[in-house]
Structures are given as structure tokens and as C-alpha cells.
$ cat target.txt   # compact mmCIF, C-alpha atoms
# COMPACT_ATOMS: atom_id res chain seq x y z
CA MET A 1266 -49.01 -24.27 -15.85
CA TYR A 1267 -48.40 -24.19 -12.07
CA ASN A 1268 -52.03 -23.26 -11.42
CA LYS A 1269 -53.22 -26.06 -13.69
CA ILE A 1270 -51.02 -28.61 -11.90
CA ILE A 1271 -52.27 -27.46 -8.51
CA ALA A 1272 -55.88 -27.63 -9.69
CA LYS A 1273 -55.23 -31.10 -11.18
CA GLU A 1274 -56.28 -29.76 -14.57
CA ALA A 1275 -52.92 -30.73 -16.07
CA LYS A 1276 -50.99 -33.99 -15.82
CA ILE A 1277 -47.29 -34.58 -15.34
CA GLY A 1278 -45.58 -37.10 -17.62
CA VAL A 1279 -42.26 -38.60 -16.55
CA ILE A 1280 -40.23 -40.22 -19.33
CA GLY A 1281 -37.66 -42.71 -18.07
CA LEU A 1282 -38.41 -44.50 -14.79
CA GLY A 1283 -34.97 -45.40 -13.52
CA TYR A 1284 -33.38 -44.42 -10.23
CA VAL A 1285 -34.06 -40.74 -11.08
CA GLY A 1286 -37.42 -40.77 -12.85
CA LEU A 1287 -39.36 -43.14 -10.63
CA PRO A 1288 -38.90 -41.22 -7.34
CA ILE A 1289 -39.91 -37.99 -9.09
CA ALA A 1290 -42.98 -39.62 -10.63
CA LEU A 1291 -44.11 -41.07 -7.30
CA GLU A 1292 -43.60 -37.80 -5.40
CA PHE A 1293 -45.68 -35.84 -7.91
CA ALA A 1294 -48.26 -38.65 -7.97
CA LYS A 1295 -48.94 -37.94 -4.29
CA ILE A 1296 -50.37 -34.52 -5.21
CA GLY A 1297 -51.91 -35.12 -8.65
CA PRO A 1298 -52.19 -37.37 -11.71
CA VAL A 1299 -48.93 -38.61 -13.25
CA ILE A 1300 -48.17 -40.70 -16.33
CA GLY A 1301 -44.97 -42.68 -15.86
CA PHE A 1302 -43.49 -43.83 -19.17
CA ASP A 1303 -40.66 -46.29 -19.78
CA ILE A 1304 -39.71 -48.09 -22.99
CA SER A 1305 -39.24 -51.38 -21.07
CA GLU A 1306 -42.53 -53.22 -20.74
CA GLU A 1307 -40.90 -55.57 -18.25
CA ARG A 1308 -39.94 -52.67 -15.98
CA VAL A 1309 -43.41 -51.17 -16.34
CA GLU A 1310 -45.03 -54.42 -15.19
CA MET A 1311 -42.73 -54.53 -12.17
CA MET A 1312 -43.72 -50.99 -11.19
CA LYS A 1313 -47.40 -51.78 -11.62
CA ASN A 1314 -46.79 -54.43 -8.95
CA HIS A 1315 -45.05 -51.90 -6.67
CA ILE A 1316 -41.57 -53.21 -7.42
CA ASP A 1317 -38.74 -50.77 -8.11
CA PRO A 1318 -36.44 -52.34 -10.73
CA SER A 1319 -33.57 -50.22 -9.37
CA LYS A 1320 -34.17 -51.64 -5.86
CA GLU A 1321 -34.01 -48.17 -4.32
CA LEU A 1322 -37.66 -47.80 -3.26
CA GLU A 1323 -39.90 -49.96 -1.10
CA ALA A 1324 -43.37 -51.23 -2.01
CA ASP A 1325 -44.92 -48.73 0.43
CA ASP A 1326 -43.48 -45.84 -1.59
CA PHE A 1327 -46.02 -46.66 -4.32
CA ASN A 1328 -48.99 -46.32 -1.95
CA ASP A 1329 -51.43 -43.42 -2.19
CA THR A 1330 -50.22 -42.31 -5.60
CA ASP A 1331 -52.21 -41.36 -8.68
CA ILE A 1332 -49.97 -42.76 -11.40
CA LEU A 1333 -50.37 -44.66 -14.64
CA PHE A 1334 -47.33 -46.76 -15.55
CA THR A 1335 -47.13 -47.36 -19.27
CA ALA A 1336 -44.89 -48.26 -22.20
CA LYS A 1337 -47.38 -46.84 -24.72
CA ILE A 1338 -46.45 -43.47 -26.22
CA GLU A 1339 -50.07 -42.57 -26.92
CA ASP A 1340 -50.78 -42.53 -23.16
CA LEU A 1341 -48.44 -39.56 -22.85
CA LYS A 1342 -50.76 -37.43 -24.98
CA GLU A 1343 -52.73 -36.62 -21.83
CA ALA A 1344 -49.69 -35.07 -20.16
CA ASN A 1345 -48.90 -31.35 -20.22
CA PHE A 1346 -45.71 -31.07 -18.15
CA PHE A 1347 -43.07 -33.53 -19.32
CA ILE A 1348 -40.03 -34.48 -17.25
CA VAL A 1349 -37.30 -36.33 -19.15
CA ALA A 1350 -35.07 -38.46 -16.93
CA VAL A 1351 -33.31 -40.92 -19.22
CA PRO A 1352 -29.67 -42.08 -19.02
CA THR A 1353 -26.89 -40.12 -20.76
CA PRO A 1354 -24.02 -42.62 -20.99
CA ILE A 1355 -20.78 -42.53 -22.96
CA ASN A 1356 -19.73 -44.77 -25.85
CA ASP A 1357 -16.62 -46.93 -26.21
CA HIS A 1358 -14.63 -43.83 -27.20
CA ASN A 1359 -15.63 -41.94 -24.02
CA GLU A 1360 -17.85 -39.60 -26.03
CA PRO A 1361 -21.46 -38.65 -25.18
CA ASP A 1362 -24.06 -41.18 -26.24
CA LEU A 1363 -27.21 -39.13 -26.73
CA LYS A 1364 -29.31 -41.92 -28.26
CA PRO A 1365 -31.53 -42.42 -25.16
CA LEU A 1366 -31.97 -38.67 -24.76
CA LEU A 1367 -32.79 -38.02 -28.42
CA GLY A 1368 -35.13 -41.01 -28.35
CA ALA A 1369 -36.98 -39.35 -25.48
CA CYS A 1370 -37.10 -36.10 -27.47
CA ASN A 1371 -38.70 -37.97 -30.37
CA THR A 1372 -41.25 -39.37 -27.95
CA VAL A 1373 -42.06 -35.89 -26.64
CA GLY A 1374 -42.27 -34.56 -30.17
CA GLN A 1375 -45.05 -37.04 -30.94
CA VAL A 1376 -47.26 -36.07 -28.00
CA ILE A 1377 -46.52 -32.45 -27.06
CA LYS A 1378 -49.25 -29.82 -27.52
CA LYS A 1379 -49.33 -26.05 -27.64
CA GLY A 1380 -48.80 -24.63 -24.14
CA ASP A 1381 -47.00 -27.71 -22.81
CA TYR A 1382 -43.70 -27.76 -20.92
CA VAL A 1383 -40.65 -30.06 -21.18
CA VAL A 1384 -38.06 -30.20 -18.40
CA PHE A 1385 -34.88 -32.23 -18.86
CA GLU A 1386 -33.12 -33.83 -15.87
CA SER A 1387 -30.51 -35.92 -17.71
CA THR A 1388 -26.90 -34.80 -17.31
CA VAL A 1389 -25.62 -33.12 -20.48
CA TYR A 1390 -22.96 -30.65 -21.64
CA PRO A 1391 -23.86 -26.93 -21.65
CA GLY A 1392 -25.98 -26.11 -24.68
CA CYS A 1393 -27.29 -29.62 -25.26
CA THR A 1394 -30.89 -28.92 -24.19
CA GLU A 1395 -31.40 -26.01 -26.59
CA ASP A 1396 -29.09 -27.13 -29.41
CA ASP A 1397 -29.75 -30.90 -29.50
CA CYS A 1398 -33.04 -31.59 -27.70
CA VAL A 1399 -35.32 -28.77 -28.86
CA PRO A 1400 -34.91 -29.16 -32.68
CA PRO A 1401 -36.32 -32.74 -32.94
CA ILE A 1402 -39.25 -31.75 -30.73
CA GLU A 1403 -39.98 -28.79 -33.01
CA GLU A 1404 -39.61 -30.89 -36.15
CA LEU A 1405 -41.89 -33.72 -35.04
CA SER A 1406 -44.53 -31.57 -33.37
CA GLY A 1407 -44.62 -28.66 -35.81
CA LEU A 1408 -44.59 -26.33 -32.79
CA LYS A 1409 -42.27 -23.37 -32.15
CA PHE A 1410 -39.89 -23.30 -29.18
CA ILE A 1411 -40.87 -20.65 -26.58
CA GLU A 1412 -43.77 -19.42 -28.72
CA ASP A 1413 -45.72 -22.71 -28.54
CA PHE A 1414 -44.00 -24.75 -25.84
CA LYS A 1415 -41.60 -24.04 -22.99
CA VAL A 1416 -38.42 -25.90 -22.05
CA GLY A 1417 -36.42 -26.04 -18.85
CA TYR A 1418 -33.51 -27.90 -17.32
CA SER A 1419 -33.40 -29.15 -13.73
CA PRO A 1420 -30.53 -31.58 -13.17
CA GLU A 1421 -31.03 -34.64 -11.02
CA ARG A 1422 -29.07 -34.83 -7.78
CA ILE A 1423 -30.20 -38.21 -6.50
CA ASN A 1424 -27.47 -40.22 -4.78
CA PRO A 1425 -28.17 -43.98 -5.10
CA GLY A 1426 -28.17 -45.77 -1.75
CA ASP A 1427 -28.36 -42.50 0.22
CA LYS A 1428 -31.37 -42.49 2.55
CA VAL A 1429 -30.56 -39.07 4.04
CA ASN A 1430 -29.94 -36.85 0.99
CA THR A 1431 -33.03 -37.73 -1.00
CA LEU A 1432 -35.06 -36.10 -3.76
CA THR A 1433 -37.16 -33.94 -1.42
CA THR A 1434 -34.33 -32.90 0.93
CA ILE A 1435 -31.81 -31.70 -1.68
CA THR A 1436 -31.95 -28.15 -3.05
CA LYS A 1437 -32.88 -28.45 -6.72
CA ILE A 1438 -31.42 -26.31 -9.49
CA VAL A 1439 -34.11 -25.13 -11.91
CA SER A 1440 -33.94 -23.13 -15.11
CA GLY A 1441 -36.24 -22.10 -17.93
CA CYS A 1442 -36.16 -20.71 -21.45
CA ASP A 1443 -37.71 -17.44 -20.29
CA VAL A 1444 -38.90 -15.67 -17.12
CA GLU A 1445 -42.37 -17.21 -17.22
CA SER A 1446 -41.13 -20.78 -17.63
CA LEU A 1447 -38.54 -20.41 -14.88
CA ASP A 1448 -41.19 -19.24 -12.44
CA ASN A 1449 -43.61 -22.02 -13.34
CA ILE A 1450 -40.96 -24.77 -13.28
CA ALA A 1451 -39.58 -23.60 -9.93
CA LYS A 1452 -43.02 -23.45 -8.30
CA ILE A 1453 -44.05 -26.85 -9.68
CA TYR A 1454 -40.93 -28.55 -8.28
CA GLU A 1455 -41.34 -26.69 -4.99
CA ILE A 1456 -44.62 -28.54 -4.51
CA ILE A 1457 -42.69 -31.69 -3.64
CA LEU A 1458 -39.39 -30.25 -2.35
CA LYS A 1459 -38.69 -29.53 1.31
CA ALA A 1460 -35.31 -27.94 0.53
CA GLY A 1461 -36.60 -25.62 -2.18
CA THR A 1462 -34.99 -24.60 -5.46
CA HIS A 1463 -32.12 -22.52 -6.79
CA ARG A 1464 -33.18 -20.54 -9.84
CA ALA A 1465 -30.34 -20.52 -12.36
CA SER A 1466 -30.11 -17.55 -14.73
CA SER A 1467 -30.19 -19.74 -17.84
CA ILE A 1468 -30.50 -23.32 -19.03
CA LYS A 1469 -26.77 -23.38 -19.88
CA VAL A 1470 -25.83 -22.29 -16.36
CA ALA A 1471 -27.94 -25.11 -14.90
CA GLU A 1472 -26.40 -27.65 -17.30
CA ALA A 1473 -22.88 -26.48 -16.43
CA ALA A 1474 -23.57 -26.49 -12.68
CA LYS A 1475 -24.62 -30.12 -12.77
CA ILE A 1476 -21.67 -31.29 -14.81
CA ILE A 1477 -19.05 -29.60 -12.62
CA GLU A 1478 -20.49 -31.11 -9.43
CA ASN A 1479 -19.26 -34.53 -10.50
CA THR A 1480 -16.20 -33.23 -12.35
CA GLN A 1481 -15.01 -31.57 -9.15
CA ARG A 1482 -15.37 -34.81 -7.22
CA ASP A 1483 -13.67 -36.78 -9.97
CA VAL A 1484 -10.61 -34.53 -10.03
CA ASN A 1485 -10.30 -34.52 -6.24
CA ILE A 1486 -10.59 -38.29 -5.99
CA ALA A 1487 -8.01 -38.61 -8.77
CA LEU A 1488 -5.60 -36.55 -6.66
CA MET A 1489 -6.19 -38.89 -3.71
CA ASN A 1490 -5.61 -41.91 -5.95
CA GLU A 1491 -2.37 -40.46 -7.26
CA LEU A 1492 -1.24 -39.68 -3.72
CA SER A 1493 -2.10 -43.28 -2.79
CA ILE A 1494 0.23 -44.57 -5.52
CA ILE A 1495 3.02 -42.31 -4.23
CA PHE A 1496 2.47 -43.21 -0.58
CA ASN A 1497 2.47 -46.91 -1.47
CA LYS A 1498 5.97 -46.46 -2.86
CA LEU A 1499 6.91 -44.71 0.41
CA ASP A 1500 5.41 -47.62 2.38
CA ILE A 1501 2.97 -45.44 4.33
CA ASN A 1502 -0.79 -45.83 4.65
CA THR A 1503 -2.78 -43.26 2.69
CA PHE A 1504 -5.73 -43.26 5.07
CA GLU A 1505 -3.42 -42.54 8.00
CA VAL A 1506 -1.93 -39.62 6.07
CA LEU A 1507 -5.40 -38.27 5.26
CA GLU A 1508 -6.50 -38.67 8.87
CA ALA A 1509 -3.52 -36.60 10.02
CA ALA A 1510 -3.94 -33.95 7.31
CA GLY A 1511 -7.66 -33.79 8.02
CA THR A 1512 -7.04 -32.20 11.40
CA LYS A 1513 -6.49 -28.89 9.58
CA TRP A 1514 -9.74 -26.90 9.42
CA ASN A 1515 -9.69 -26.27 5.66
CA PHE A 1516 -8.41 -29.64 4.42
CA LEU A 1517 -10.82 -31.13 1.86
CA LYS A 1518 -11.82 -34.64 2.92
CA PHE A 1519 -11.68 -36.85 -0.15
CA SER A 1520 -10.50 -40.47 -0.18
CA PRO A 1521 -8.90 -42.75 -2.78
CA GLY A 1522 -11.04 -45.40 -4.42
CA LEU A 1523 -12.59 -46.86 -7.54
CA VAL A 1524 -14.59 -44.28 -9.49
CA GLY A 1525 -17.31 -45.95 -11.52
CA GLY A 1526 -21.04 -45.64 -11.96
CA HIS A 1527 -23.05 -43.46 -14.30
CA CYS A 1528 -22.23 -40.06 -12.80
CA ILE A 1529 -18.71 -39.28 -11.58
CA GLY A 1530 -17.10 -41.73 -13.99
CA VAL A 1531 -19.11 -40.44 -16.96
CA ASP A 1532 -20.12 -36.79 -16.61
CA PRO A 1533 -16.61 -35.26 -16.96
CA TYR A 1534 -16.37 -36.74 -20.46
CA TYR A 1535 -19.40 -34.64 -21.47
CA LEU A 1536 -17.55 -31.47 -20.47
CA VAL A 1537 -14.36 -32.67 -22.18
CA TYR A 1538 -16.34 -33.30 -25.36
CA LYS A 1539 -17.84 -29.80 -25.37
CA ALA A 1540 -14.51 -28.18 -24.53
CA LYS A 1541 -12.79 -29.92 -27.45
CA GLU A 1542 -15.65 -28.87 -29.73
CA LEU A 1543 -14.83 -25.29 -28.72
CA GLY A 1544 -11.12 -25.79 -29.42
CA TYR A 1545 -9.86 -26.23 -25.86
CA HIS A 1546 -8.13 -29.36 -24.55
CA PRO A 1547 -8.92 -29.74 -20.81
CA HIS A 1548 -5.73 -31.01 -19.17
CA ILE A 1549 -6.74 -31.41 -15.51
CA ILE A 1550 -10.08 -33.10 -16.22
CA ASN A 1551 -8.50 -35.53 -18.69
CA SER A 1552 -5.65 -36.32 -16.30
CA GLY A 1553 -8.11 -37.03 -13.51
CA ARG A 1554 -10.11 -39.35 -15.74
CA PHE A 1555 -6.94 -41.21 -16.75
CA VAL A 1556 -5.89 -41.75 -13.14
CA ASN A 1557 -9.31 -42.91 -11.97
CA ASP A 1558 -9.89 -45.19 -14.96
CA SER A 1559 -6.53 -46.85 -14.22
CA MET A 1560 -7.18 -47.72 -10.58
CA GLY A 1561 -8.86 -51.09 -11.17
CA GLY A 1562 -5.79 -52.36 -13.02
CA TYR A 1563 -3.54 -50.86 -10.35
CA VAL A 1564 -5.34 -52.71 -7.53
CA ALA A 1565 -5.08 -55.97 -9.47
CA LYS A 1566 -1.35 -55.51 -10.10
CA GLN A 1567 -0.70 -54.77 -6.43
CA THR A 1568 -2.61 -57.92 -5.51
CA VAL A 1569 -0.47 -59.98 -7.90
CA LYS A 1570 2.71 -58.48 -6.41
CA LYS A 1571 1.60 -59.31 -2.87
CA ILE A 1572 0.82 -62.92 -3.79
CA ALA A 1573 4.10 -63.32 -5.67
CA ALA A 1574 6.02 -61.92 -2.69
CA GLN A 1575 4.89 -65.00 -0.73
CA ASP A 1576 6.72 -67.25 -3.21
CA LYS A 1577 3.41 -68.41 -4.68
CA ASN A 1578 2.80 -69.18 -8.34
CA ILE A 1579 0.53 -66.50 -9.81
CA ARG A 1580 -0.82 -68.80 -12.49
CA ASN A 1581 -3.87 -70.53 -10.98
CA ALA A 1582 -3.61 -68.55 -7.74
CA LYS A 1583 -7.07 -68.14 -6.16
CA VAL A 1584 -8.48 -64.70 -5.42
CA LEU A 1585 -11.85 -63.75 -3.96
CA VAL A 1586 -13.31 -60.37 -4.96
CA MET A 1587 -16.01 -59.16 -2.58
CA GLY A 1588 -18.38 -56.67 -4.21
CA ILE A 1589 -18.87 -55.75 -7.87
CA THR A 1590 -21.46 -52.95 -7.81
CA PHE A 1591 -20.14 -49.45 -8.55
CA LYS A 1592 -20.67 -48.34 -4.92
CA GLU A 1593 -21.72 -49.73 -1.57
CA ASN A 1594 -25.24 -50.92 -0.73
CA VAL A 1595 -26.72 -50.56 -4.22
CA SER A 1596 -27.49 -53.08 -6.96
CA ASP A 1597 -26.24 -50.86 -9.80
CA ILE A 1598 -23.31 -52.36 -11.75
CA ARG A 1599 -23.09 -49.77 -14.52
CA ASN A 1600 -19.51 -48.74 -15.28
CA THR A 1601 -18.15 -50.53 -12.21
CA LYS A 1602 -14.36 -50.49 -12.05
CA VAL A 1603 -14.34 -53.74 -10.10
CA ALA A 1604 -14.73 -55.43 -13.47
CA HIS A 1605 -11.30 -53.99 -14.38
CA ILE A 1606 -9.81 -55.69 -11.32
CA VAL A 1607 -11.30 -59.03 -12.32
CA LYS A 1608 -10.21 -58.81 -15.96
CA GLU A 1609 -6.68 -57.74 -15.03
CA LEU A 1610 -6.34 -60.64 -12.58
CA GLU A 1611 -7.63 -63.07 -15.19
CA SER A 1612 -4.98 -61.79 -17.63
CA TYR A 1613 -2.40 -63.24 -15.20
CA LYS A 1614 -4.31 -66.58 -15.28
CA VAL A 1615 -5.51 -66.04 -11.72
CA ILE A 1616 -8.65 -67.98 -10.73
CA VAL A 1617 -11.15 -65.35 -9.55
CA ASP A 1618 -14.34 -65.81 -7.53
CA VAL A 1619 -16.64 -62.78 -7.33
CA VAL A 1620 -19.47 -62.37 -4.83
CA ASP A 1621 -21.91 -59.54 -4.16
CA PRO A 1622 -25.04 -59.50 -1.96
CA PHE A 1623 -26.73 -56.78 -4.05
CA ALA A 1624 -25.82 -57.44 -7.69
CA SER A 1625 -27.94 -59.50 -10.07
CA PRO A 1626 -25.96 -62.51 -11.36
CA GLU A 1627 -27.75 -62.28 -14.71
CA GLU A 1628 -26.95 -58.59 -15.15
CA VAL A 1629 -23.28 -59.09 -14.19
CA ASN A 1630 -22.92 -61.90 -16.68
CA ASP A 1631 -24.70 -60.01 -19.45
CA GLU A 1632 -22.69 -56.82 -18.92
CA TYR A 1633 -19.22 -58.15 -18.10
CA GLY A 1634 -19.19 -61.89 -18.81
CA ILE A 1635 -18.46 -62.54 -15.12
CA ASN A 1636 -20.22 -65.35 -13.29
CA LEU A 1637 -20.91 -64.56 -9.65
CA ALA A 1638 -19.93 -67.36 -7.28
CA LYS A 1639 -22.81 -68.90 -5.34
CA GLU A 1640 -20.74 -69.26 -2.20
CA ILE A 1641 -17.47 -68.17 -0.62
CA LYS A 1642 -15.00 -71.03 -0.45
CA SER A 1643 -11.65 -71.27 1.31
CA GLY A 1644 -7.97 -71.49 0.45
CA TYR A 1645 -7.83 -68.13 -1.31
CA ASP A 1646 -4.40 -66.62 -1.82
CA ALA A 1647 -5.90 -63.16 -1.58
CA VAL A 1648 -9.23 -61.53 -0.74
CA ILE A 1649 -10.04 -58.16 -2.30
CA VAL A 1650 -12.79 -56.25 -0.51
CA ALA A 1651 -13.59 -53.99 -3.43
CA VAL A 1652 -16.92 -52.52 -2.28
CA ASN A 1653 -17.64 -51.73 1.36
CA HIS A 1654 -21.16 -53.16 1.51
CA GLU A 1655 -22.77 -53.15 4.95
CA GLN A 1656 -22.51 -56.95 5.04
CA TYR A 1657 -18.72 -56.64 4.96
CA ALA A 1658 -18.28 -53.81 7.46
CA ASN A 1659 -17.96 -55.92 10.60
CA LEU A 1660 -15.90 -58.83 9.26
CA ASP A 1661 -12.90 -59.51 11.49
CA GLU A 1662 -9.44 -60.96 11.03
CA ASP A 1663 -10.56 -64.43 12.12
CA TYR A 1664 -13.05 -64.47 9.25
CA PHE A 1665 -10.38 -63.70 6.69
CA LYS A 1666 -8.07 -66.30 8.24
CA SER A 1667 -10.82 -68.90 7.76
CA ILE A 1668 -11.02 -68.36 3.99
CA LEU A 1669 -7.37 -67.57 3.19
CA SER A 1670 -4.53 -69.99 2.53
CA ASP A 1671 -1.23 -69.75 4.42
CA ASN A 1672 0.33 -66.31 3.95
CA GLY A 1673 -2.88 -65.08 2.37
CA VAL A 1674 -3.34 -61.40 1.61
CA VAL A 1675 -6.17 -58.99 2.49
CA ILE A 1676 -6.63 -56.21 -0.07
CA ASP A 1677 -8.83 -53.53 1.47
CA VAL A 1678 -9.59 -51.05 -1.31
CA LYS A 1679 -11.46 -48.50 0.84
CA GLY A 1680 -9.45 -49.01 4.04
CA ILE A 1681 -12.43 -50.16 6.12
CA TYR A 1682 -10.32 -52.67 8.10
CA LYS A 1683 -7.50 -50.26 8.91
CA ASN A 1684 -6.16 -51.10 12.40
CA LYS A 1685 -8.28 -54.28 12.48
CA ILE A 1686 -5.95 -56.58 10.54
CA LYS A 1687 -2.92 -57.25 12.73
CA GLU A 1688 -1.49 -60.62 11.72
CA LEU A 1689 -2.43 -61.16 8.06
CA ILE A 1690 -0.64 -59.46 5.18
CA TYR A 1691 -2.63 -56.30 4.55
CA TRP A 1692 -2.76 -53.65 1.82
CA SER A 1693 -5.10 -50.78 1.03
CA LEU A 1694 -5.11 -47.79 -1.29

$ encode --input "target.txt" --output "C-alpha cells"
Amino acid sequence: MYNKIIAKEAKIGVIGLGYVGLPIALEFAKIGPVIGFDISEERVEMMKNHIDPSKELEADDFNDTDILFTAKIEDLKEANFFIVAVPTPINDHNEPDLKPLLGACNTVGQVIKKGDYVVFESTVYPGCTEDDCVPPIEELSGLKFIEDFKVGYSPERINPGDKVNTLTTITKIVSGCDVESLDNIAKIYEIILKAGTHRASSIKVAEAAKIIENTQRDVNIALMNELSIIFNKLDINTFEVLEAAGTKWNFLKFSPGLVGGHCIGVDPYYLVYKAKELGYHPHIINSGRFVNDSMGGYVAKQTVKKIAAQDKNIRNAKVLVMGITFKENVSDIRNTKVAHIVKELESYKVIVDVVDPFASPEEVNDEYGINLAKEIKSGYDAVIVAVNHEQYANLDEDYFKSILSDNGVVIDVKGIYKNKIKELIYWSL
């Protein structure tokens, strides 16, 4: 398969053209023919016009690429090496929602041929690729796993908004269903990777490695959030404590904050699900998830307390929330915990304005029923800087004074204005 790709005798098909799939498709399209498939015809049309719907790539990134963007399954029949990069979210019960992934498997099953390869990049629990993804492909295609087609797993490591650690500069974990497939998959990815690959011993090892990357971060951030709650009761600043503790050479530098998005706030639940299926109840992972999922409500309650402490009526108090995306400098609003802040404030009958320079007003309204304000007004009783977008980084105390009412409060979730706010009432995690 590697030799065929190099000789341009085989085509790569990428299924799912989101923030993971599109960069992969474009990189491979610089060295050979690629078929980029997405179920959204609207997204496909945008990409045909060199527009990234995820707003991560520039128009120039589409230049000099041999790629067919399509929403037609039959176009995928020309592909031989399939890369599946579809979302793996959770449902309302915090359990894995495999519908997009299994839908992609059904698509592959309709077009795969003898000798073809399928590599999954979507985050899953260990065992999912072989136990859940392979059977529908076999059933629909009539082909036999390993004997007729090969399967691998190579988890995505793309960090939205990060222009330094990108697809080509991050070491990529690869795995295959046998020795031959592992070698081919590794060499094919190495065509586009500057940092090279790590060859995992099995598909399950690769699946597990991916899922603990984000679980580790989740648990560590949960510890910082819990420490922040304790230090707040002690009336000391968490970021000052972390700065002091960070002078020790082996102190792990994590910070408190809102943990949302489609990775850290989701992936641990996949491991929890599999652990429970095996009869084990994971205490630390579940505790971390509980703490992090509670932080939006905690920030809102602290804001209410600060306003009330100024002898102001909470009902109809005015609060400005700056930022609603799940992290800084991206447009992605999936699983953002800022929505929890807004809903909690509204439960106290607080009047909330929300602004964000990156988020789509239509998407925010569709997903959370929140209408983004068209402009920042004045007379706010509190301002919550929930996401440290670059547009907010250099705001000074005079700016906040200009939009706050008397005795207004600055809530600085990520502590970006520490030591900058001297006169206003200030609080951070």
C-alpha cells in the first residue's frame, strides 16, 4: 500500500473533514490524489471555495493540492486507504455516542475493496476499533478482516488554535492489525510528518494511549480547580500559590479553569464507560469529571456573592460575560462550560450579555439558546472574562471602569489580569 501511495497508484480517502480530517486531507493532497468526504454538502461547498468551516486553516492552505471534496459516497469507491476522522461525542448521560463513528463505518463498508486499508483517528475506548468498527465493515462489504482488508488506529493529536504544535510537527502514534499493516500505515503517515511516528504494539495500546492523554490533563486540572475552591475560602490567590510552588523543579504546572470542548471534557467518559463494562468503578477519573463539570456553576455563584456583597439586588443585576468558546482564539463552542455560567446566572434572574469575537451567533443560539450581544454596553455590575482571547489580553483597569457600575466586580477566570487590577473589586479562580 505504501508503494502504491508513493507511486500515486492508490488514492487516500478522508472521511470527516472537521478540524482533524481537513488538515490531514490537505497534507496528503500535497503529495498525491485525495478524496475528502463529508456528509455536510454545505461544508463541502465551503471547502471547494478554499474556506475552512472550522476557521483553523487559511485559504492558502488549499493551494497546490490534489483533492476532490465530495458528499457523495460513490466518489469514495476510488479510494484505497481510508482515514476516518469523525467526532466521537457523549450523550446526555455522559456515555459514548458512537453514531457518527458507526455511520462512517457503514460508509466504508459500502466502498471498501479487497486489499484496502482503514485507519481510524477518532478517540475511542480500548477495543472499540476491533469490536465495534470492524464488524459493520465486514457485514456490508462481505470482506474478511485482516484476510481481505487491513485496519489501523492512529489517534489525532491536533490542538485547535495552536499554530506551533501542528499535525506535521507532533509525533503520531500508529498501530495496525498485523505487522504488515503497521509498517505500511507508519510509512504512509511519515510521508507528511516531520516529527515521525511511534509504533504502538497493538490497536488497543494506541486507543488507550490517546484516551489517557486527555484523562491525565482532566484529573490534574480538577485538582487545581479543587485547590482553587479551598484557597478561595482561605482568601489567597490560587495563581500566586501556583507561581510560588512552581519554583520547585518537579512541580507539575497545571492551572485551574473551565474544562470544556470535545477532548478533555469528553474523552475520560469513554474510559469510564469501558471500565464499568469490565466491572470496575473508576473513582479518581469520575471525581475529576465531577469537579470540572461543576466549575461553571461555581464561577457564577461566586459572581453573585461578589455582587450581593456590594448591597446590590441580584435580581436584574447586569453581568457581561466575555468569551463563550471552549478555549481561547478558536471558534469552537462544543461543550463549552461558559454556557453553564450563563445559565446559572440567569437562574438568579441576572441580566446577562455575552460577547465573543470568534463564535458564530447562529451556532451559539442553536446550541445553547444564548443570543450574543452585538455590542458591549456600560453599567454592568460585574464583568466575567471567561475566555482569554487575544483581544482581551491587553485590556486595562480603565477599560473595565468604563463599562462597570459603581462598585463593579471583575471576575477573571484564568487570572490574566493578576496584578493589573488595583482599585476595582477583583476575583479569579

$ residues_around --input "target.txt" --residues "Ile1494 in chain A" --least-positions-apart "2" --cutoff "12 Å" --atoms "all atoms listed in the file" --output "MDAnalysis selection string"
chainID A and resid 1487:1492 1496:1503 1521:1522 1556:1557 1559:1560 1563:1564 1566:1567 1693:1694

$ closest_residue --input "target.txt" --among "A:Glu1310, A:Ser1670, A:Ser1612, A:Thr1330" --to "Arg1580 in chain A" --atoms "only C-alpha atoms"
A:Ser1612

$ axis_aligned_box --input "target.txt" --around "range 1319-1335 of chain A" --padding-each-side "5 Å" --output "JSON"
{"center_x": -42.9, "center_y": -46.5, "center_z": -9.4, "size_x": 28.6, "size_y": 20.3, "size_z": 29.7}

$ residues_near_point --input "target.txt" --point "(-16.7, -42.2, -26.0)" --cutoff "12 Å" --atoms "all atoms listed in the file" --output "JSON, numbers by chain"
{"A": [1353, 1354, 1355, 1356, 1357, 1358, 1359, 1360, 1361, 1362, 1363, 1531, 1532, 1533, 1534, 1535, 1537, 1538]}

$ residues_around --input "target.txt" --residues "range 1424-1440 of chain A" --least-positions-apart "2" --cutoff "8 Å" --atoms "all atoms listed in the file" --output "number ranges by chain"
A: 1284, 1288-1289, 1321, 1417-1422, 1442, 1446-1447, 1450-1451, 1457-1468, 1471, 1593-1595
